[in-house]
file final15.cif (mmCIF, C-alpha atoms and all ligand atoms)
data_query
#
loop_
_atom_site.label_atom_id
_atom_site.label_comp_id
_atom_site.auth_asym_id
_atom_site.auth_seq_id
_atom_site.Cartn_x
_atom_site.Cartn_y
_atom_site.Cartn_z
CA MET D 181 62.77 104.98 114.16
CA LYS D 182 63.26 107.94 116.46
CA SER D 183 66.64 108.71 118.01
CA LYS D 184 66.58 108.86 121.80
CA VAL D 185 68.92 111.84 121.98
CA ASN D 186 68.77 115.11 120.13
CA LEU D 187 71.89 115.50 118.03
CA PRO D 188 72.93 119.00 116.90
CA LYS D 189 71.24 120.02 113.63
CA LYS D 190 74.32 121.75 112.36
CA VAL D 191 78.06 121.32 113.03
CA LYS D 192 81.21 123.26 112.24
CA ILE D 193 83.94 121.15 110.66
CA VAL D 194 87.40 122.67 111.06
CA GLU D 195 89.68 121.34 108.34
CA VAL D 196 93.13 120.80 109.88
CA GLY D 197 94.78 118.90 107.02
CA PRO D 198 97.11 121.67 105.83
CA ARG D 199 98.63 121.98 109.34
CA ASP D 200 98.05 118.87 111.45
CA GLY D 201 97.84 116.75 108.32
CA LEU D 202 101.05 117.87 106.71
CA GLN D 203 103.25 118.72 109.72
CA ASN D 204 104.44 115.14 110.08
CA GLU D 205 105.46 114.61 106.43
CA LYS D 206 109.12 113.70 106.26
CA LEU D 207 109.78 115.29 102.87
CA PHE D 208 109.11 119.01 102.62
CA VAL D 209 105.83 119.63 100.84
CA ASP D 210 106.20 122.44 98.37
CA ASN D 211 104.49 125.66 99.46
CA ASP D 212 102.64 125.77 96.12
CA ILE D 213 101.07 122.40 96.88
CA LYS D 214 100.03 123.56 100.35
CA ILE D 215 98.53 126.71 98.85
CA ALA D 216 96.68 124.77 96.14
CA LEU D 217 95.28 122.39 98.77
CA ILE D 218 94.05 125.25 100.97
CA ASP D 219 92.46 127.01 97.99
CA ARG D 220 90.60 123.81 97.07
CA LEU D 221 89.40 123.46 100.66
CA THR D 222 88.25 127.08 100.71
CA SER D 223 86.22 126.48 97.59
CA ALA D 224 84.67 123.36 99.20
CA GLY D 225 82.99 125.65 101.73
CA PHE D 226 84.90 125.32 105.03
CA ILE D 227 84.43 128.34 107.26
CA ASN D 228 87.54 127.48 109.30
CA ILE D 229 90.79 126.00 108.00
CA GLU D 230 93.91 125.45 110.10
CA VAL D 231 96.53 126.37 107.57
CA ALA D 232 99.93 126.81 109.22
CA ALA D 233 102.03 126.95 112.38
CA PHE D 234 104.45 129.67 113.43
CA VAL D 235 106.56 127.31 115.53
CA SER D 236 110.29 126.77 115.60
CA PRO D 237 111.37 125.34 112.23
CA LYS D 238 113.97 123.31 114.14
CA TRP D 239 111.15 121.56 115.98
CA VAL D 240 108.79 121.14 113.03
CA PRO D 241 110.66 121.73 109.75
CA GLN D 242 107.55 121.05 107.66
CA MET D 243 105.92 124.25 108.95
CA ALA D 244 108.77 126.49 107.76
CA GLY D 245 107.32 128.62 105.00
CA SER D 246 104.07 129.21 106.88
CA ASP D 247 104.39 132.92 106.03
CA ILE D 248 104.66 132.09 102.31
CA VAL D 249 101.61 129.86 102.57
CA MET D 250 99.59 132.51 104.42
CA ASN D 251 100.53 135.14 101.83
CA GLY D 252 99.84 132.84 98.89
CA ILE D 253 96.34 131.60 99.65
CA SER D 254 93.18 133.10 98.17
CA ARG D 255 91.07 134.06 101.14
CA LYS D 256 87.32 133.93 101.12
CA PRO D 257 85.45 136.44 103.27
CA GLY D 258 83.74 134.55 106.08
CA THR D 259 86.37 131.81 106.25
CA LEU D 260 88.75 131.88 109.20
CA TYR D 261 92.34 130.91 108.47
CA SER D 262 93.91 129.70 111.74
CA VAL D 263 97.54 129.20 112.71
CA LEU D 264 99.27 127.62 115.69
CA VAL D 265 101.45 129.87 117.83
CA PRO D 266 103.46 128.62 120.82
CA ASN D 267 104.77 132.00 122.04
CA LEU D 268 104.95 135.74 121.34
CA GLN D 269 107.54 135.20 118.61
CA GLY D 270 105.03 133.03 116.76
CA PHE D 271 102.24 135.50 117.47
CA GLU D 272 104.13 138.37 115.84
CA LYS D 273 104.58 136.30 112.69
CA ALA D 274 100.90 135.36 112.78
CA ILE D 275 99.93 139.05 112.89
CA GLU D 276 102.21 139.87 109.96
CA ALA D 277 100.61 137.02 108.05
CA ARG D 278 97.11 138.43 108.72
CA THR D 279 95.78 135.42 110.57
CA ASP D 280 92.14 135.34 111.66
CA GLU D 281 92.57 133.03 114.62
CA ILE D 282 95.52 131.85 116.67
CA VAL D 283 95.70 128.46 118.32
CA ILE D 284 97.62 128.13 121.56
CA PHE D 285 98.40 124.52 122.25
CA GLY D 286 98.92 122.91 125.62
CA ALA D 287 98.45 119.44 127.03
CA ALA D 288 96.83 117.50 129.84
CA SER D 289 100.04 115.47 130.16
CA GLU D 290 103.18 116.94 131.73
CA THR D 291 105.51 114.70 129.74
CA PHE D 292 103.86 115.49 126.43
CA SER D 293 104.00 119.20 127.24
CA GLN D 294 107.76 118.92 127.79
CA LYS D 295 108.31 116.89 124.62
CA ASN D 296 106.10 119.05 122.41
CA ILE D 297 106.72 122.61 123.59
CA ASN D 298 109.68 122.18 125.93
CA CYS D 299 107.98 123.42 129.10
CA SER D 300 105.66 122.28 131.87
CA ILE D 301 101.89 122.80 131.76
CA GLU D 302 102.29 125.59 134.34
CA GLU D 303 104.97 127.32 132.26
CA SER D 304 102.90 126.93 129.10
CA ILE D 305 99.94 128.74 130.65
CA ALA D 306 102.24 131.56 131.80
CA ARG D 307 103.65 131.75 128.27
CA PHE D 308 100.16 131.91 126.76
CA ILE D 309 99.02 134.88 128.91
CA PRO D 310 100.79 137.63 126.93
CA VAL D 311 99.96 135.87 123.65
CA VAL D 312 96.24 135.82 124.41
CA GLN D 313 96.36 139.42 125.69
CA ALA D 314 98.06 140.54 122.48
CA ALA D 315 95.55 138.64 120.36
CA LYS D 316 92.61 140.15 122.23
CA SER D 317 93.99 143.68 121.81
CA ALA D 318 94.43 142.99 118.11
CA GLY D 319 90.85 141.65 117.89
CA ILE D 320 91.98 138.18 116.89
CA ARG D 321 90.09 135.06 117.88
CA VAL D 322 91.86 132.58 120.18
CA ARG D 323 91.46 128.82 120.27
CA GLY D 324 93.07 126.64 122.90
CA SER D 325 94.02 123.06 122.18
CA VAL D 326 94.40 120.44 124.92
CA SER D 327 96.50 117.53 123.71
CA CYS D 328 96.48 114.05 125.23
CA ALA D 329 92.97 114.59 126.60
CA LEU D 330 92.21 110.88 126.17
CA GLY D 331 95.64 109.36 126.66
CA CYS D 332 99.33 110.12 126.36
CA PRO D 333 102.08 108.34 124.43
CA TYR D 334 104.39 108.72 127.46
CA GLU D 335 102.08 108.61 130.50
CA GLY D 336 99.28 106.35 129.26
CA GLU D 337 95.91 107.02 130.93
CA ILE D 338 95.08 110.65 131.63
CA ASP D 339 92.69 111.50 134.43
CA PRO D 340 89.80 113.64 133.06
CA LYS D 341 90.41 115.95 136.06
CA LYS D 342 93.73 116.95 134.44
CA VAL D 343 91.87 117.84 131.25
CA VAL D 344 89.30 119.86 133.19
CA GLU D 345 92.11 121.79 134.93
CA VAL D 346 93.72 122.80 131.63
CA VAL D 347 90.36 123.65 130.03
CA GLN D 348 89.55 125.82 133.06
CA ARG D 349 92.88 127.61 132.75
CA MET D 350 92.45 128.16 129.03
CA ALA D 351 88.92 129.43 129.68
CA ASN D 352 90.33 131.87 132.27
CA LEU D 353 92.85 133.09 129.71
CA GLY D 354 89.92 134.07 127.47
CA CYS D 355 89.90 131.36 124.79
CA ASP D 356 86.94 131.59 122.44
CA GLU D 357 86.99 127.88 121.67
CA ILE D 358 88.79 124.92 123.28
CA ASP D 359 89.73 121.63 121.63
CA ILE D 360 89.60 118.31 123.41
CA ALA D 361 92.30 116.51 121.45
CA ASP D 362 92.86 112.77 121.27
CA THR D 363 96.40 113.23 119.98
CA ILE D 364 97.20 109.54 119.66
CA GLY D 365 93.73 108.24 118.87
CA VAL D 366 93.34 105.96 121.89
CA GLY D 367 89.97 107.21 123.13
CA THR D 368 86.77 105.20 123.04
CA PRO D 369 83.16 106.51 123.20
CA ASN D 370 82.53 106.20 126.93
CA LYS D 371 85.78 108.00 127.74
CA VAL D 372 84.86 110.68 125.23
CA LYS D 373 81.48 111.15 126.91
CA THR D 374 83.12 111.42 130.33
CA VAL D 375 85.66 114.01 129.23
CA PHE D 376 83.00 116.19 127.56
CA GLU D 377 80.64 115.78 130.49
CA GLN D 378 83.39 116.97 132.86
CA THR D 379 84.87 119.75 130.73
CA GLY D 380 81.36 120.92 129.78
CA LYS D 381 80.93 121.93 133.42
CA VAL D 382 83.69 124.56 133.17
CA PHE D 383 83.35 125.71 129.53
CA SER D 384 80.24 125.78 127.41
CA ILE D 385 79.78 122.64 125.34
CA GLU D 386 78.93 124.82 122.29
CA ARG D 387 82.50 126.13 122.32
CA LEU D 388 84.26 122.83 122.98
CA SER D 389 85.46 120.88 119.97
CA GLY D 390 86.40 117.27 119.31
CA HIS D 391 89.81 116.71 117.68
CA PHE D 392 90.16 113.00 117.02
CA HIS D 393 92.97 110.99 115.50
CA ASP D 394 92.09 107.58 114.10
CA THR D 395 94.98 105.41 115.29
CA TYR D 396 92.73 102.70 116.75
CA GLY D 397 89.86 103.23 114.29
CA GLN D 398 87.61 104.81 116.93
CA SER D 399 87.32 108.34 115.61
CA LEU D 400 83.86 108.15 114.00
CA ALA D 401 82.45 106.33 117.02
CA ASN D 402 84.03 109.00 119.20
CA ILE D 403 82.51 111.77 117.10
CA TYR D 404 79.08 110.16 117.44
CA ALA D 405 79.57 109.94 121.21
CA ALA D 406 80.55 113.62 121.29
CA LEU D 407 77.50 114.55 119.17
CA GLU D 408 75.35 112.81 121.74
CA MET D 409 76.92 115.06 124.39
CA GLY D 410 75.96 118.13 122.33
CA VAL D 411 79.38 118.85 120.80
CA SER D 412 78.99 120.65 117.49
CA ILE D 413 82.57 121.49 116.42
CA PHE D 414 84.83 118.79 115.00
CA HIS D 415 88.30 118.78 113.48
CA SER D 416 89.24 116.53 110.60
CA ALA D 417 91.84 116.26 107.85
CA VAL D 418 91.19 115.65 104.19
CA ALA D 419 92.29 112.15 103.10
CA GLY D 420 92.92 111.36 106.78
CA LEU D 421 96.31 113.06 106.69
CA GLY D 422 98.17 113.66 109.90
CA GLY D 423 100.14 112.79 112.95
CA CYS D 424 102.21 114.63 115.50
CA PRO D 425 106.01 114.55 115.36
CA TYR D 426 106.08 114.38 119.17
CA ALA D 427 103.56 111.52 119.44
CA LYS D 428 105.25 108.58 117.76
CA GLY D 429 102.90 105.97 116.34
CA ALA D 430 99.91 108.30 116.20
CA THR D 431 98.29 108.18 112.79
CA GLY D 432 96.21 110.68 110.94
CA ASN D 433 93.26 112.78 111.96
CA VAL D 434 89.83 111.42 111.23
CA ALA D 435 89.27 111.88 107.48
CA THR D 436 87.07 114.84 106.57
CA GLU D 437 85.30 112.89 103.82
CA ASP D 438 84.29 110.20 106.36
CA VAL D 439 83.00 112.82 108.79
CA LEU D 440 81.00 114.52 106.02
CA TYR D 441 79.50 111.18 104.99
CA LEU D 442 78.53 110.48 108.60
CA MET D 443 76.96 113.93 109.07
CA ALA D 444 75.03 113.68 105.79
CA GLY D 445 73.66 110.31 106.87
CA LEU D 446 72.57 111.77 110.20
CA GLY D 447 70.92 114.74 108.47
CA ILE D 448 73.34 117.15 110.17
CA GLU D 449 74.20 120.24 108.16
CA THR D 450 77.87 121.06 107.47
CA GLY D 451 77.69 123.49 104.55
CA ILE D 452 80.57 121.65 102.88
CA ASP D 453 80.70 120.14 99.40
CA PHE D 454 81.63 116.46 99.82
CA GLU D 455 82.67 116.00 96.17
CA LYS D 456 85.07 118.92 96.27
CA VAL D 457 86.64 117.56 99.46
CA ALA D 458 86.96 114.07 97.96
CA LEU D 459 88.72 115.56 94.94
CA SER D 460 90.98 117.59 97.25
CA GLY D 461 91.80 114.31 98.98
CA GLU D 462 92.76 112.76 95.66
CA PHE D 463 94.84 115.84 94.80
CA ILE D 464 96.89 115.78 98.02
CA SER D 465 97.27 111.97 98.09
CA ASN D 466 98.67 112.08 94.55
CA ALA D 467 100.92 115.04 95.39
CA LEU D 468 102.34 113.19 98.38
CA ASN D 469 102.37 109.88 96.53
CA ARG D 470 100.59 108.09 99.34
CA PRO D 471 97.35 106.13 99.66
CA ASN D 472 94.21 108.09 100.38
CA GLY D 473 93.32 107.50 104.05
CA SER D 474 89.60 108.24 103.67
CA LYS D 475 87.24 105.29 103.17
CA ALA D 476 84.34 107.49 102.01
CA GLY D 477 86.68 109.50 99.78
CA LYS D 478 88.07 106.37 98.11
CA ALA D 479 84.59 104.87 97.66
CA TYR D 480 83.36 108.04 95.97
CA LEU D 481 86.46 108.39 93.77
CA SER D 482 86.30 104.77 92.62
CA LYS D 483 82.61 105.23 91.79
CA ILE D 484 83.21 108.30 89.64
CA ASN D 485 86.35 106.84 88.04
CA ASN D 486 84.53 103.60 87.14
CA ALA D 487 81.63 105.56 85.69
CA GLN D 488 83.94 107.35 83.25
P1 LIG A 1 112.61 126.14 122.73
O1 LIG A 1 113.77 125.49 122.07
O2 LIG A 1 112.42 125.92 124.20
O3 LIG A 1 112.49 127.70 122.37
O4 LIG A 1 111.32 125.61 121.98
P2 LIG A 1 113.41 128.91 122.67
O5 LIG A 1 112.51 130.06 123.04
O6 LIG A 1 114.53 128.54 123.59
O7 LIG A 1 114.05 129.24 121.22
C1 LIG A 1 114.91 128.32 120.59
C2 LIG A 1 115.03 128.68 119.12
O8 LIG A 1 113.75 128.57 118.49
C3 LIG A 1 115.49 130.12 118.90
O9 LIG A 1 116.21 130.13 117.67
C4 LIG A 1 114.21 130.86 118.67
O10 LIG A 1 114.37 132.02 117.89
C5 LIG A 1 113.40 129.83 117.91
P3 LIG A 1 117.84 130.07 117.65
O11 LIG A 1 118.25 131.23 118.48
O12 LIG A 1 118.21 128.74 118.27
O13 LIG A 1 118.14 130.16 116.19
N1 LIG A 1 111.95 130.01 118.08
C6 LIG A 1 111.09 130.19 117.06
N2 LIG A 1 111.26 130.25 115.73
C7 LIG A 1 110.16 130.48 114.97
N3 LIG A 1 108.91 130.63 115.48
C8 LIG A 1 108.71 130.57 116.81
C9 LIG A 1 109.83 130.36 117.66
N4 LIG A 1 109.96 130.26 118.99
C10 LIG A 1 111.26 130.06 119.24
N5 LIG A 1 107.48 130.71 117.29
C11 LIG A 1 109.09 126.04 121.21
C12 LIG A 1 110.02 126.02 122.40
C13 LIG A 1 107.69 126.18 121.74
C14 LIG A 1 109.44 127.20 120.29
C15 LIG A 1 109.25 124.69 120.43
O14 LIG A 1 109.13 123.64 121.34
C16 LIG A 1 108.25 124.51 119.34
O15 LIG A 1 108.25 125.24 118.35
N6 LIG A 1 107.37 123.51 119.44
C17 LIG A 1 106.31 123.27 118.48
C18 LIG A 1 105.97 121.82 118.44
C19 LIG A 1 104.84 121.60 117.48
O16 LIG A 1 104.55 122.40 116.61
N7 LIG A 1 104.17 120.43 117.61
C20 LIG A 1 103.09 120.07 116.77
C21 LIG A 1 101.85 120.88 116.99
S1 LIG A 1 100.89 120.34 118.40
C22 LIG A 1 99.87 119.13 117.74
O17 LIG A 1 100.04 118.72 116.62
C23 LIG A 1 98.72 118.67 118.56
C24 LIG A 1 97.38 119.19 118.05
O18 LIG A 1 97.11 118.77 116.73
C25 LIG A 1 96.26 118.66 118.94
C26 LIG A 1 96.40 117.17 119.16
O19 LIG A 1 96.18 116.36 118.27
O20 LIG A 1 96.79 116.87 120.29
C27 LIG A 1 97.30 120.72 118.11
MG MG A 2 96.31 116.71 116.17
#
call {"tool": "encode", "arguments": {"input": "final15.cif", "output": "structure tokens"}}
result
Amino acid sequence: MKSKVNLPKKVKIVEVGPRDGLQNEKLFVDNDIKIALIDRLTSAGFINIEVAAFVSPKWVPQMAGSDIVMNGISRKPGTLYSVLVPNLQGFEKAIEARTDEIVIFGAASETFSQKNINCSIEESIARFIPVVQAAKSAGIRVRGSVSCALGCPYEGEIDPKKVVEVVQRMANLGCDEIDIADTIGVGTPNKVKTVFEQTGKVFSIERLSGHFHDTYGQSLANIYAALEMGVSIFHSAVAGLGGCPYAKGATGNVATEDVLYLMAGLGIETGIDFEKVALSGEFISNALNRPNGSKAGKAYLSKINNAQ
């Protein structure tokens, strides 16, 4: 059977578990555990891992210690270690920590912008200008993240035009890559196609990424829809960790193991070792004493454990 559409032959999977995955944990996760997780993920072959956030520790206490994490990890040449920065204060810390890529994070929803970063969309863009300029002068890559691109916990439906506006503004700032983020996991495939079709008109589809949370169980379907639109960068978190402290009820990111299983089945290259990721998922689930949120990860682990 021949597919009607040409899917990308290769995709980049950005592992966001150490940051997006862990930021919502109530109990502080020891820096050594974070470091061990990141080192395992590095050895699994990711070329981009979102490892930390230089945000206010009063807003997100779990990300305190990001400098210790950045200094403690074993870096592999060719792998980008990204961190979130909301302002110049965060950027300076990111530079000290020798980050490879900064992530500025805005939203397509005014209310979410206020709740998450305490300013309007307009103010956020103004705040990002000197951050991006400083990053460019330092030769550091910049990614922009657009939250609530498929729905908002406070405003509900979000008009794709709002997403296009923010993408356009982030493109004008000079972002190298821009994330279309379904923060609360409410998107469905047709909406995903619409948002990529629209945003793809103002920023090249090769540099747009899909960041899906799995709250309503739609994330793999949404990834497939995005693949059909030509998207070739996806974010995921090992063991399906995740959630945003300012988006109550949102569950984890799509599980990396599930995404890898999907891509392998589609014959799409990722360059990542599934078994190592599954074992990393077991490691972090045990460390956090919580169930593993990846179906493919659990299936694989039960198979190898039963074979022993
Ligand atoms: P503010 O309170 O308006 O900031 O917060 P401020 O400039 O008035 O400063 C207040 C205090 O914070 C001061 O300390 C500053 O020094 C400190 P004090 O004098 O009170 O002791 N401060 C900082 N400390 C460390 N690092 C910094 C920093 N900046 C200020 N960079 C601010 C504004 C943006 C700082 C705050 O709202 C914040 O940190 N928000 C971060 C929220 C966050 O991290 N959310 C989760 C990430 S977004 C996400 O998960 C979505 C994503 O995954 C995509 C998706 O799924 O949608 C990316
Ligand atoms: Mg997220």
call {"tool": "residues_around", "arguments": {"input": "final15.cif", "residues": "segment 455-462 of chain D", "least_positions_apart": "6", "cutoff": "12 Å", "atoms": "all atoms listed in the file", "output": "NGL selection string"}}
result
:D and (195 or 197-198 or 201 or 213-226 or 416-421 or 435-441 or 468-485)
call {"tool": "write_last_selection", "arguments": {"input": "final15.cif", "atoms": "C-alpha atoms", "output": "compact mmCIF listing (two decimals), in the frame of the given file"}}
result
# COMPACT_ATOMS: atom_id res chain seq x y z
CA GLU D 195 89.68 121.34 108.34
CA GLY D 197 94.78 118.90 107.02
CA PRO D 198 97.11 121.67 105.83
CA GLY D 201 97.84 116.75 108.32
CA ILE D 213 101.07 122.40 96.88
CA LYS D 214 100.03 123.56 100.35
CA ILE D 215 98.53 126.71 98.85
CA ALA D 216 96.68 124.77 96.14
CA LEU D 217 95.28 122.39 98.77
CA ILE D 218 94.05 125.25 100.97
CA ASP D 219 92.46 127.01 97.99
CA ARG D 220 90.60 123.81 97.07
CA LEU D 221 89.40 123.46 100.66
CA THR D 222 88.25 127.08 100.71
CA SER D 223 86.22 126.48 97.59
CA ALA D 224 84.67 123.36 99.20
CA GLY D 225 82.99 125.65 101.73
CA PHE D 226 84.90 125.32 105.03
CA SER D 416 89.24 116.53 110.60
CA ALA D 417 91.84 116.26 107.85
CA VAL D 418 91.19 115.65 104.19
CA ALA D 419 92.29 112.15 103.10
CA GLY D 420 92.92 111.36 106.78
CA LEU D 421 96.31 113.06 106.69
CA ALA D 435 89.27 111.88 107.48
CA THR D 436 87.07 114.84 106.57
CA GLU D 437 85.30 112.89 103.82
CA ASP D 438 84.29 110.20 106.36
CA VAL D 439 83.00 112.82 108.79
CA LEU D 440 81.00 114.52 106.02
CA TYR D 441 79.50 111.18 104.99
CA LEU D 468 102.34 113.19 98.38
CA ASN D 469 102.37 109.88 96.53
CA ARG D 470 100.59 108.09 99.34
CA PRO D 471 97.35 106.13 99.66
CA ASN D 472 94.21 108.09 100.38
CA GLY D 473 93.32 107.50 104.05
CA SER D 474 89.60 108.24 103.67
CA LYS D 475 87.24 105.29 103.17
CA ALA D 476 84.34 107.49 102.01
CA GLY D 477 86.68 109.50 99.78
CA LYS D 478 88.07 106.37 98.11
CA ALA D 479 84.59 104.87 97.66
CA TYR D 480 83.36 108.04 95.97
CA LEU D 481 86.46 108.39 93.77
CA SER D 482 86.30 104.77 92.62
CA LYS D 483 82.61 105.23 91.79
CA ILE D 484 83.21 108.30 89.64
CA ASN D 485 86.35 106.84 88.04
call {"tool": "atom_distance", "arguments": {"input": "final15.cif", "atom1": "atom CA of Thr379 of chain D", "atom2": "atom CA of Glu345 of chain D"}}
result
8.6 Å
call {"tool": "residues_near_ligand", "arguments": {"input": "final15.cif", "ligand": "ligand MG 2 (chain A)", "cutoff": "7 Å", "atoms": "all atoms listed in the file", "output": "VMD selection string"}}
result
chain D and resid 200 361 363 391 393 423 to 424 433
call {"tool": "closest_residue", "arguments": {"input": "final15.cif", "among": "D:Gly429, D:Gly270, D:Gly245, D:Gly410", "to": "ligand LIG 1 (chain A)", "atoms": "all atoms listed in the file"}}
result
D:Gly270
call {"tool": "residues_near_ligand", "arguments": {"input": "final15.cif", "ligand": "ligand LIG 1 (chain A)", "cutoff": "6 Å", "atoms": "only C-alpha atoms and all ligand atoms", "output": "PyMOL selection string"}}
result
chain D and resi 200+234-237+239-240+266-267+269-270+285+296-298+325+327-328+361-363+424
call {"tool": "axis_aligned_box", "arguments": {"input": "final15.cif", "around": "segment 400-412 of chain D", "padding_each_side": "4 Å", "output": "lines of an AutoDock Vina configuration file"}}
result
center_x = 79.7
center_y = 113.5
center_z = 119.2
size_x = 16.7
size_y = 22.3
size_z = 18.4
call {"tool": "closest_residue", "arguments": {"input": "final15.cif", "among": "D:Ala427, D:Ala406, D:Ile248, D:Ile275", "to": "Ser289 of chain D", "atoms": "only C-alpha atoms"}}
result
D:Ala427
call {"tool": "residues_near_point", "arguments": {"input": "final15.cif", "point": "(87.1, 130.9, 114.9)", "cutoff": "12 Å", "atoms": "all atoms listed in the file", "output": "NGL selection string"}}
result
:D and (192-195 or 226-230 or 258-263 or 279-283 or 319-324 or 355-359 or 387-389 or 413)
call {"tool": "residues_around", "arguments": {"input": "final15.cif", "residues": "Ala401 of chain D", "least_positions_apart": "3", "cutoff": "8 Å", "atoms": "only C-alpha atoms", "output": "PyMOL selection string"}}
result
chain D and resi 368-369+398+404-405
call {"tool": "write_last_selection", "arguments": {"input": "final15.cif", "atoms": "C-alpha atoms", "output": "tab-separated table (two decimals), in the frame of the given file"}}
result
chain	number	residue	atom	x	y	z
D	368	THR	CA	86.77	105.20	123.04
D	369	PRO	CA	83.16	106.51	123.20
D	398	GLN	CA	87.61	104.81	116.93
D	404	TYR	CA	79.08	110.16	117.44
D	405	ALA	CA	79.57	109.94	121.21
call {"tool": "closest_residue", "arguments": {"input": "final15.cif", "among": "D:Ala233, D:Val372, D:Val366, D:Gln378", "to": "Val196 of chain D", "atoms": "all atoms listed in the file"}}
result
D:Ala233
call {"tool": "closest_residue", "arguments": {"input": "final15.cif", "among": "D:Val411, D:Ala315, D:Leu330, D:Ala232", "to": "Ala287 of chain D", "atoms": "all atoms listed in the file"}}
result
D:Leu330
call {"tool": "atom_distance", "arguments": {"input": "final15.cif", "atom1": "atom CA of Val311 of chain D", "atom2": "atom CA of Phe271 of chain D"}}
result
6.6 Å
call {"tool": "atom_distance", "arguments": {"input": "final15.cif", "atom1": "atom CA of Phe383 of chain D", "atom2": "atom CA of Val312 of chain D"}}
result
17.2 Å
call {"tool": "closest_residue", "arguments": {"input": "final15.cif", "among": "D:Tyr426, D:Tyr396, D:Phe454, D:Phe376", "to": "Met409 of chain D", "atoms": "all atoms listed in the file"}}
result
D:Phe376
call {"tool": "closest_residue", "arguments": {"input": "final15.cif", "among": "D:Ser317, D:Asn186, D:Ser304, D:Asn251", "to": "Ile448 of chain D", "atoms": "only C-alpha atoms"}}
result
D:Asn186
call {"tool": "residues_near_point", "arguments": {"input": "final15.cif", "point": "(94.9, 105.9, 129.6)", "cutoff": "10 Å", "atoms": "all atoms listed in the file", "output": "list in words"}}
result
Cys328, Ala329, Leu330, Gly331, Cys332, Pro333, Glu335, Gly336, Glu337, Ile338, Asp339, Pro340, Val366, Gly367 and Lys371 of chain D
